[in-house]
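What follows is one structure encoded as structure tokens, with my remarks underneath.
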Amino acid sequence: MSGHSHWQTIRRKKEANDAKRGAVFTKMAREIVIAVREGGGGDPDSNIRLRMALEKARGLGMPKDNIERAIRRGTGEDKEGADIAEITYEGYGPNGVAMLIDVVTDNRNRAVAAVRHALSRAGGTLSNPGAVAWQFTRKGAIHVPADVDFDKLFEAAVEAGAEDVIQGEDEDDHIVYTDPADLHAVSSHLRELRIPVDDARLVMVPNNEVQLDEKSAVQVLKMVSALEELDDVNQVFTNMAMTEEAIKAYEAAMA
């Protein structure tokens with residue numbers, strides 16, 4: 001499981017780098033709009049999903065005006081964002097790797113065309129709804145800095161109702177997994193104990209992982225990165241086993 005932690009560390013660093021250029025703020029604004037609409041309004045005290053989105057946005061340095069504008073779009077005070085939709089596309093990548101592609105977009109046709117193109121270029125295909133989703137389980141995932149004492153984190157997380165805690169290696173984050181309904185409660189409990197939380201979000205965890213050779217795994221990781229570069233794609237989940245060897249080979253190939 002350490003490979004998953006390493007890969008998420010890479011993703012979070014890339015988000016931070018994109019934020020420096022403002023490249024991630026459009027995606028973040030759409031995420032806030034959806035959080036307001038789907039989570040129960042524009043008050044983060046009563047809308048857990050919005051609270052998590054705001055924490056992420058502030059952590060990335062998103063300007064206050066941008067955040068407030070996105071909230072107004074979500075509540076309908078600003079009509080500009082009325083057509084933003086949240087969609088999960090299902091598909092298969094190279095070597096039969098199952099994929100879930102979370103999209104937040106204001107143009108469904110553009111989004112599906114871009115996703116289909118990125119998949120086909122890498123030897124993947126889109127599938128019908130339901131063809132892939134059954135292979136995953138939704139969970140909450142909380143990222144805690146690797147320098148936090150693992151035993152202390154484990155005890156606090158289990159006490160708060162976490163399902164599992166994965167120890168990071170070197171600079172990789174520890175990951176606390178929860179039932180989706182318990183994500184906010186567990187992350188809040190950790191913060192109350194002064195345990196820093198870098199990120200808290202809902203994820204799709206594969207029920208069974210597919211083992212690939214290093215070359216094939218790097219091919220899949222390149223495809224995932226290409227998909228996540230798309231303006232409408234929020235995040236991508238696969239059922240590929242994340243090995244340290246594959247991730248290091250990917251980093252070397254992208255250097």
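Here's how to read the names in the structure tokens: chain A, B, ... by the order shown, residue numbers from 1 in each chain, ligand numbers from 1 in the order shown.
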Within 10 Å of region 105-119 of chain A: each region 177-226 of chain A residue with its shortest pair, only C-alpha atoms, as JSON lines:
{"residue": "A:Met223", "atom": "CA", "partner": "A:Leu119", "partner_atom": "CA", "distance": 7.2}
{"residue": "A:Val224", "atom": "CA", "partner": "A:Leu119", "partner_atom": "CA", "distance": 9.0}
{"residue": "A:Ala226", "atom": "CA", "partner": "A:Ala118", "partner_atom": "CA", "distance": 6.9}
Output for the residues just chosen: C-alpha atoms as a PDB file, in the first residue's frame:
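Here's the written file part32.pdb:
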ATOM      1  CA  MET A 223      -2.245   7.807 -19.049  1.00  0.00           C
ATOM      2  CA  VAL A 224      -3.575   8.745 -15.596  1.00  0.00           C
ATOM      3  CA  ALA A 226      -2.571  12.816 -19.062  1.00  0.00           C
TER       4      ALA A 226
END
Exercise: region 194-202 of chain A partners within 6 Å, only C-alpha atoms, chain neighbours under 2 positions left out, as a ChimeraX atom specification
/A:139-144,190-192
Convert the current residue selection to file output with N, CA and C atoms, as a PDB file, in the first residue's frame.
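Resulting contents of selection-v3.pdb:
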ATOM      1  N   LYS A 139     -14.498   5.310  -0.202  1.00  0.00           N
ATOM      2  CA  LYS A 139     -14.001   5.506   1.163  1.00  0.00           C
ATOM      3  C   LYS A 139     -13.558   6.954   1.352  1.00  0.00           C
ATOM      4  N   GLY A 140     -13.411   7.340   2.615  1.00  0.00           N
ATOM      5  CA  GLY A 140     -12.775   8.607   2.912  1.00  0.00           C
ATOM      6  C   GLY A 140     -11.286   8.383   3.079  1.00  0.00           C
ATOM      7  N   ALA A 141     -10.486   9.336   2.622  1.00  0.00           N
ATOM      8  CA  ALA A 141      -9.029   9.228   2.753  1.00  0.00           C
ATOM      9  C   ALA A 141      -8.484  10.522   3.333  1.00  0.00           C
ATOM     10  N   ILE A 142      -7.751  10.397   4.428  1.00  0.00           N
ATOM     11  CA  ILE A 142      -7.167  11.548   5.120  1.00  0.00           C
ATOM     12  C   ILE A 142      -5.653  11.427   5.048  1.00  0.00           C
ATOM     13  N   HIS A 143      -5.005  12.450   4.527  1.00  0.00           N
ATOM     14  CA  HIS A 143      -3.546  12.440   4.406  1.00  0.00           C
ATOM     15  C   HIS A 143      -2.930  13.236   5.553  1.00  0.00           C
ATOM     16  N   VAL A 144      -2.002  12.586   6.238  1.00  0.00           N
ATOM     17  CA  VAL A 144      -1.322  13.182   7.389  1.00  0.00           C
ATOM     18  C   VAL A 144       0.179  13.176   7.105  1.00  0.00           C
ATOM     19  N   LEU A 190      -8.799  14.312  14.566  1.00  0.00           N
ATOM     20  CA  LEU A 190      -7.340  14.411  14.460  1.00  0.00           C
ATOM     21  C   LEU A 190      -6.880  15.847  14.675  1.00  0.00           C
ATOM     22  N   ARG A 191      -7.592  16.784  14.085  1.00  0.00           N
ATOM     23  CA  ARG A 191      -7.222  18.190  14.245  1.00  0.00           C
ATOM     24  C   ARG A 191      -7.364  18.636  15.703  1.00  0.00           C
ATOM     25  N   GLU A 192      -8.406  18.154  16.362  1.00  0.00           N
ATOM     26  CA  GLU A 192      -8.602  18.503  17.779  1.00  0.00           C
ATOM     27  C   GLU A 192      -7.431  18.032  18.631  1.00  0.00           C
TER      28      GLU A 192
END
Residues within 10 Å of Gln219 (chain A), please, as an MDAnalysis selection string. Count only C-alpha atoms; anything in the same chain fewer than 6 positions from it doesn't count.
chainID A and resid 93:95 122:123 246 250
Closest of A:Val36, A:Ala29, A:Leu212, A:Val220 to Lys64 (chain A) - atom-to-atom distances counting only C-alpha atoms:
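Looking at the shortest contact to Lys64 (chain A), the residue is A:Ala29.
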Non-local contacts of region 47-60 of chain A (12 Å; only C-alpha atoms; under 4 positions in same chain excluded) as an NGL selection string:
:A and (12-43 or 64-68 or 70-71 or 74-75 or 140-143 or 180-185 or 187-188 or 197-202)
Mind checking which residues fall within 7 Å of Gly91 (chain A), counting only C-alpha atoms, ignoring those fewer than 6 positions away in the same chain, and posting them as a PyMOL selection string?
chain A and resi 98-100+125-127+132
Using only C-alpha atoms, which of the listed residues (A:Ala217, A:Glu90, A:Val210, A:Ile84) sits closest to Ala131 (chain A)?
A:Glu90
Of the candidates A:Asp231, A:Val236, A:Ser216, A:Lys152, which one gets nearest to Ala249 (chain A) if we count only C-alpha atoms?
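The answer is A:Ser216, which sits nearest to Ala249 (chain A).
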